[in-house]
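Colleague: structure17.txt is the file, holding compact mmCIF, C-alpha atoms:
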```
# COMPACT_ATOMS: atom_id res chain seq x y z
CA MET V 250 18.27 19.02 5.61
CA GLU V 251 16.22 19.71 2.52
CA SER V 252 12.82 18.31 1.76
CA ASN V 253 11.91 17.54 -1.83
CA SER V 254 8.19 17.70 -1.32
CA LYS V 255 5.76 18.24 1.47
CA THR V 256 4.30 15.25 3.25
CA GLU V 257 0.53 15.07 2.76
CA PHE V 258 -1.58 13.77 5.62
CA VAL V 259 -5.22 12.89 5.90
CA ILE V 260 -6.51 11.77 9.28
CA ASP V 261 -9.93 10.17 8.99
CA LEU V 262 -11.14 9.42 12.51
CA GLU V 263 -14.46 7.94 11.47
CA ASN V 264 -12.78 5.22 9.40
CA LYS V 265 -9.80 4.98 11.79
CA LYS V 266 -7.65 5.72 8.79
CA VAL V 267 -4.51 7.74 8.15
CA THR V 268 -3.16 8.32 4.65
CA ILE V 269 0.31 9.69 4.03
CA THR V 270 1.68 10.72 0.63
CA LYS V 271 5.23 11.76 -0.12
CA GLU V 272 7.40 12.10 -3.23
CA PHE V 273 11.10 11.33 -3.19
CA ASP V 274 13.71 12.53 -5.64
CA ALA V 275 15.11 9.03 -6.07
CA PRO V 276 14.61 6.03 -8.34
CA LEU V 277 11.92 3.51 -7.41
CA GLU V 278 14.52 0.77 -6.99
CA ASN V 279 16.22 2.61 -4.11
CA VAL V 280 13.01 3.72 -2.40
CA TRP V 281 11.75 0.13 -2.46
CA ARG V 282 15.04 -1.07 -0.95
CA ALA V 283 14.92 1.56 1.81
CA TRP V 284 11.50 0.21 2.81
CA THR V 285 12.24 -3.49 2.56
CA GLU V 286 15.84 -4.02 3.76
CA SER V 287 16.33 -3.97 7.52
CA ASP V 288 19.77 -2.28 7.58
CA LEU V 289 18.37 0.59 5.49
CA LEU V 290 15.08 0.75 7.42
CA ASP V 291 16.94 1.07 10.71
CA GLN V 292 18.70 4.16 9.38
CA TRP V 293 15.50 6.15 9.01
CA TRP V 294 12.45 4.50 10.62
CA ALA V 295 12.86 6.14 14.04
CA PRO V 296 12.65 9.92 14.26
CA LYS V 297 15.68 11.28 16.10
CA PRO V 298 16.76 11.08 18.89
CA PHE V 299 15.09 7.65 18.83
CA PHE V 300 16.77 4.89 16.89
CA ALA V 301 15.32 1.78 15.30
CA LYS V 302 16.67 -1.66 16.02
CA THR V 303 15.48 -4.63 13.94
CA LYS V 304 15.92 -7.93 15.73
CA PHE V 305 14.89 -9.95 12.68
CA MET V 306 13.21 -9.30 9.37
CA ASP V 307 11.99 -11.83 6.86
CA PHE V 308 10.59 -9.88 3.94
CA LYS V 309 8.29 -12.41 2.32
CA VAL V 310 4.55 -13.07 2.50
CA GLY V 311 3.90 -14.51 5.98
CA GLY V 312 7.31 -13.29 7.18
CA ARG V 313 7.78 -10.78 9.98
CA ARG V 314 9.91 -7.88 11.11
CA PHE V 315 10.40 -7.59 14.86
CA TYR V 316 11.88 -4.25 15.80
CA ALA V 317 12.10 -1.62 18.51
CA MET V 318 12.12 2.15 18.59
CA VAL V 319 14.63 2.96 21.29
CA SER V 320 14.49 6.23 23.21
CA PRO V 321 17.66 8.13 24.23
CA GLU V 322 17.12 6.74 27.76
CA GLY V 323 17.22 3.22 26.32
CA GLN V 324 13.51 2.53 26.60
CA GLU V 325 12.44 0.05 23.91
CA HIS V 326 9.05 0.19 22.18
CA TRP V 327 8.70 -3.11 20.31
CA SER V 328 6.50 -3.74 17.28
CA ILE V 329 5.79 -6.62 14.93
CA GLN V 330 5.11 -6.17 11.24
CA LYS V 331 3.74 -9.20 9.47
CA TYR V 332 3.87 -9.08 5.66
CA THR V 333 0.56 -10.14 4.19
CA SER V 334 1.11 -9.30 0.51
CA ILE V 335 4.09 -8.28 -1.63
CA SER V 336 4.14 -7.06 -5.25
CA PRO V 337 7.79 -6.14 -5.83
CA LYS V 338 8.44 -2.43 -6.43
CA THR V 339 4.71 -1.71 -6.49
CA ASN V 340 3.08 -2.51 -3.19
CA PHE V 341 3.36 -4.36 0.05
CA LYS V 342 0.86 -4.85 2.84
CA MET V 343 1.57 -5.57 6.46
CA TYR V 344 -0.23 -6.09 9.72
CA ASN V 345 1.35 -4.02 12.47
CA THR V 346 1.01 -4.55 16.22
CA PHE V 347 2.77 -3.15 19.24
CA ALA V 348 4.46 -5.92 21.19
CA ASP V 349 6.47 -6.69 24.30
CA LYS V 350 10.14 -7.62 24.18
CA ASP V 351 9.20 -11.31 23.95
CA GLU V 352 7.33 -10.92 20.66
CA ASN V 353 3.88 -11.08 22.24
CA PRO V 354 1.62 -8.87 20.11
CA GLN V 355 -0.69 -6.33 21.74
CA LEU V 356 -3.94 -6.48 19.82
CA PRO V 357 -5.70 -4.81 18.13
CA GLY V 358 -3.30 -3.67 15.44
CA SER V 359 -3.31 -1.77 12.17
CA ASN V 360 -3.21 -2.72 8.51
CA TRP V 361 -0.68 -0.94 6.32
CA ASP V 362 -0.92 -0.68 2.56
CA VAL V 363 2.26 0.87 1.13
CA ASN V 364 2.23 1.85 -2.56
CA PHE V 365 5.16 2.88 -4.77
CA SER V 366 5.13 4.50 -8.20
CA GLU V 367 7.77 6.27 -10.28
CA GLN V 368 7.33 9.15 -12.67
CA ASN V 369 10.13 11.17 -14.30
CA GLY V 370 12.68 9.93 -11.79
CA THR V 371 10.50 10.85 -8.82
CA THR V 372 9.08 8.10 -6.65
CA LYS V 373 5.75 8.55 -4.93
CA VAL V 374 4.98 6.62 -1.77
CA TYR V 375 1.33 6.42 -0.74
CA ILE V 376 0.58 4.81 2.62
CA ILE V 377 -2.83 3.82 3.93
CA ILE V 378 -2.99 2.83 7.59
CA ILE V 379 -6.27 1.44 8.94
CA ASN V 380 -6.46 0.85 12.67
CA GLU V 381 -8.63 -1.91 14.09
CA SER V 382 -10.02 0.31 16.84
CA ILE V 383 -10.23 3.99 17.66
CA ASP V 384 -8.14 3.32 20.77
CA ARG V 385 -5.44 1.73 18.62
CA MET V 386 -5.50 4.83 16.41
CA LYS V 387 -5.17 7.01 19.47
CA LYS V 388 -2.26 4.95 20.72
CA MET V 389 -0.54 5.20 17.36
CA ILE V 390 -0.89 8.98 17.40
CA GLU V 391 0.26 9.11 21.03
CA MET V 392 3.39 7.13 20.16
CA GLY V 393 3.94 9.75 17.49
CA PHE V 394 3.33 12.37 20.11
CA GLU V 395 6.13 11.05 22.28
CA ALA V 396 8.51 10.56 19.38
CA GLY V 397 7.50 13.80 17.66
CA LEU V 398 7.87 15.83 20.80
CA THR V 399 11.29 14.40 21.55
CA ALA V 400 12.26 14.91 17.92
CA THR V 401 11.36 18.57 18.30
CA LEU V 402 13.52 18.83 21.38
CA GLY V 403 16.33 16.97 19.59
CA THR V 404 16.25 19.46 16.74
CA LEU V 405 16.29 22.29 19.25
CA ASP V 406 19.39 20.84 20.92
CA GLU V 407 21.09 20.69 17.55
CA LEU V 408 20.19 24.27 16.80
CA LEU V 409 21.50 25.42 20.16
CA GLN V 410 24.80 23.69 19.53
CA ILE V 411 25.18 25.46 16.20
CA LEU V 412 24.41 28.79 17.84
CA GLN V 413 27.07 28.33 20.51
CA MET P 172 -10.92 4.69 31.40
CA ASN P 173 -14.10 6.65 30.88
CA LEU P 174 -14.47 6.63 27.11
CA ARG P 175 -17.32 9.11 27.10
CA ARG P 176 -15.05 11.84 28.43
CA ASP P 177 -12.36 11.13 25.90
CA VAL P 178 -12.02 14.01 23.43
CA PHE P 179 -10.58 11.72 20.79
CA GLN P 180 -13.61 9.43 21.00
CA ALA P 181 -15.88 12.45 20.98
CA ILE P 182 -14.71 13.73 17.62
CA ALA P 183 -14.57 10.24 16.06
CA ASP P 184 -18.37 10.28 15.78
CA PRO P 185 -19.80 11.89 12.61
CA THR P 186 -22.92 13.31 14.31
CA ARG P 187 -20.79 14.93 16.99
CA ARG P 188 -18.49 16.42 14.37
CA THR P 189 -21.52 17.85 12.55
CA ILE P 190 -22.73 19.37 15.82
CA LEU P 191 -19.32 21.04 16.30
CA VAL P 192 -19.47 22.48 12.79
CA LEU P 193 -23.01 23.80 13.38
CA VAL P 194 -22.13 25.42 16.68
CA ALA P 195 -18.87 26.84 15.32
CA SER P 196 -20.77 29.51 13.38
CA GLN P 197 -23.12 30.53 16.20
CA ALA P 198 -24.27 29.47 19.67
CA MET P 199 -27.42 27.32 19.45
CA THR P 200 -30.02 25.74 21.73
CA ALA P 201 -30.37 21.97 21.95
CA GLY P 202 -33.65 22.21 20.02
CA ALA P 203 -32.10 24.20 17.18
CA ILE P 204 -29.23 21.71 16.96
CA ALA P 205 -31.61 18.71 17.00
CA SER P 206 -33.68 20.19 14.15
CA ASN P 207 -30.69 19.57 11.85
CA PHE P 208 -30.87 15.81 12.36
CA ASN P 209 -33.37 13.08 11.61
CA THR P 210 -32.31 11.20 14.73
CA ALA P 211 -34.44 11.20 17.87
CA ARG P 212 -34.06 14.19 20.17
CA PRO P 213 -32.70 12.12 23.13
CA THR P 214 -29.92 10.82 20.84
CA VAL P 215 -28.87 14.37 20.02
CA SER P 216 -29.08 15.26 23.73
CA LYS P 217 -26.75 12.39 24.49
CA HIS P 218 -24.25 13.66 21.92
CA LEU P 219 -24.48 17.17 23.41
CA GLN P 220 -23.87 15.74 26.86
CA ILE P 221 -20.74 13.90 25.70
CA LEU P 222 -19.40 16.98 23.91
CA THR P 223 -20.05 19.08 27.02
CA GLU P 224 -18.39 16.53 29.32
CA CYS P 225 -15.38 16.63 27.00
CA LYS P 226 -15.42 20.43 27.26
CA LEU P 227 -15.67 20.74 23.48
CA LEU P 228 -18.95 22.58 24.08
CA LYS P 229 -19.77 25.14 26.73
CA GLN P 230 -23.25 25.79 28.04
CA GLU P 231 -24.49 29.32 28.60
CA GLN P 232 -27.75 30.20 30.30
CA ASN P 233 -29.67 32.80 28.34
CA GLY P 234 -32.94 33.55 30.17
CA ARG P 235 -34.90 30.30 30.07
CA GLU P 236 -32.76 28.85 27.30
CA ILE P 237 -29.39 27.13 27.33
CA ASN P 238 -27.11 27.94 24.43
CA TYR P 239 -24.26 25.71 23.35
CA HIS P 240 -20.96 27.35 22.34
CA LEU P 241 -17.87 25.87 20.81
CA ASN P 242 -14.81 25.85 23.06
CA PRO P 243 -12.00 26.83 20.67
CA ASP P 244 -9.25 26.14 23.24
CA LYS P 245 -10.26 22.50 23.44
CA MET P 246 -10.39 22.23 19.65
CA LYS P 247 -6.87 23.59 19.50
CA GLU P 248 -5.78 20.89 21.95
CA ILE P 249 -6.85 18.26 19.43
CA ALA P 250 -4.83 19.91 16.67
CA ASN P 251 -1.85 20.05 19.02
CA PHE P 252 -2.30 16.37 19.77
CA ILE P 253 -2.05 15.41 16.10
CA GLU P 254 0.73 17.84 15.14
CA PRO P 255 3.63 15.85 16.69
CA PHE P 256 2.47 12.75 14.78
CA ARG P 257 2.81 14.72 11.56
CA LYS P 258 6.19 15.96 12.74
CA MET P 259 7.34 12.41 13.41
CA TRP P 260 6.63 11.46 9.80
CA ASP P 261 8.36 14.60 8.49
CA ASP P 262 11.42 13.73 10.53
CA ARG P 263 11.31 10.11 9.43
CA PHE P 264 11.08 11.12 5.76
CA ASN P 265 13.93 13.62 6.12
CA LYS P 266 16.10 10.75 7.28
CA LEU P 267 14.83 8.54 4.47
CA GLU P 268 15.87 11.23 1.97
CA THR P 269 19.38 11.13 3.39
CA VAL P 270 19.43 7.32 3.07
CA LEU P 271 18.29 7.63 -0.55
CA LYS P 272 20.97 10.23 -1.32
CA ASN P 273 23.64 7.89 0.04
CA LEU P 274 22.28 4.99 -2.03
CA LYS P 275 22.55 7.19 -5.12
CA LYS P 276 26.11 8.18 -4.25
CA ASP P 277 27.17 4.60 -3.68
CA GLY P 278 25.59 3.67 -7.00
CA LYS P 279 24.50 0.40 -5.48
```
Mind converting the file's structure to structure tokens?
Modeller:
Amino acid sequence: MESNSKTEFVIDLENKKVTITKEFDAPLENVWRAWTESDLLDQWWAPKPFFAKTKFMDFKVGGRRFYAMVSPEGQEHWSIQKYTSISPKTNFKMYNTFADKDENPQLPGSNWDVNFSEQNGTTKVYIIIINESIDRMKKMIEMGFEAGLTATLGTLDELLQILQ
Amino acid sequence: MNLRRDVFQAIADPTRRTILVLVASQAMTAGAIASNFNTARPTVSKHLQILTECKLLKQEQNGREINYHLNPDKMKEIANFIEPFRKMWDDRFNKLETVLKNLKKDGK
């Protein structure tokens, strides 16, 4: 699996902010689609061995995506993304909360500002996530901890299989 | 949950981060640390107490003085805490690149 460019991270605890920048060797049109169409999103949103499952997604201002990250053991971590602003192929904003399986949001949440720009066939995605509380930020990173740790183990499994 | 003993909370405060940077270069007394701030001495003491409770700082008795040291092991724990989050995004984006490659192939 090759990586076109390194992912840039800035974690700003004081402002409860995380910024993520990444360039993709793909046209803007396709990158925008991969972020805004549920069947494409489900193919990449969850780091392996987790998988993403979108129950519904209504990509319009005021619309929502209700989805789960499912662990290999079948444990479902539900989230709601509510779209608050959409400028096609340029930017969308959403309000993200963890939720239970019955769509009850667990406040506080985080505000996402996802920006897209194309230059010479390369598409840059710049994400700003602002959490409503430091505990929410911690929880977001902890979720990443669980997923990231399992992803590491998943990759290790794969490597071991190749070595056999 | 006792928030004051939470390492994550501890480093979210700018004064406490400045204290960690100060102490990183050399062990210092509470007085020497406080002289770097305009805030009242008890406020700085409170910050030192929180950092010590979180084990980010270690106290060492030196004659009549107490020196504060940085605990590098605890600092490393914080870096380790954040690293998997970074990894999760790397993994996510690797998959996104595959999705994008397939979109290109399909010419859709």
Colleague: Of the residues V:Ala348, V:Val374, V:Met306, V:Ala295, which is the one nearest to chain P, using all atoms listed in the file?
Modeller: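 Using all atoms listed in the file, the shortest distance to chain P belongs to V:Ala295.
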Colleague: Extract, using all atoms listed in the file, all DNA, RNA and protein residues at most 12 Å from Ala195 of chain P, discarding same-chain residues fewer than 4 positions from it, and format them as a ChimeraX atom specification.
Modeller: /P:188-191,199,204,227-229,239-243,246
Colleague: Work out how far atom CA of Phe365 of chain V is from atom CA of Trp281 of chain V, in Å to one decimal.
Modeller: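 Taking atom CA of Trp281 of chain V as the start and atom CA of Phe365 of chain V as the end point, the length is 7.5 Å.
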Colleague: I'd like to know which of V:Val280, V:Val259, V:Val310, V:Val363 is closest to chain P, using only C-alpha atoms.
Modeller: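 Closest residue, counting only C-alpha atoms: V:Val280.
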Colleague: Determine, counting only C-alpha atoms, every residue of protein, DNA or RNA that lies within 9 Å of (15.2, 6.3, 22.3) in the file coordinates, then give the result as a list in words.
Modeller: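 Applying the cut-off with only C-alpha atoms, one gets Ala295, Lys297, Pro298, Phe299, Phe300, Ala301, Met318, Val319, Ser320, Pro321, Glu322, Gly323, Gln324, Glu325, His326 and Ala396 of chain V.
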Colleague: Between atom CA of Thr186 of chain P and atom CA of Lys387 of chain V, measure the distance and give it in Å to one decimal.
Modeller: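 According to the coordinates, atom CA of Thr186 of chain P and atom CA of Lys387 of chain V are separated by 19.5 Å.
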Colleague: Taking only C-alpha atoms into account, what are the residues of chain P at most 12 Å from chain V, put as a PyMOL selection string?
Modeller: chain P and resi 172+174+177-188+249-279
Colleague: Report, in Å to a single decimal, how far apart atom CA of Lys247 of chain P and atom CA of Thr200 of chain P are.
Modeller: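 Computing it gives 23.4 Å between the two atoms.
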Colleague: Would you kindly identify which residues have an atom no farther than 10 Å from (1.4, -5.0, 3.6), using all atoms listed in the file and the file's own coordinates, and write them out as a VMD selection string?
Modeller: chain V and resid 310 330 to 336 340 to 345 360 to 364 376 to 378
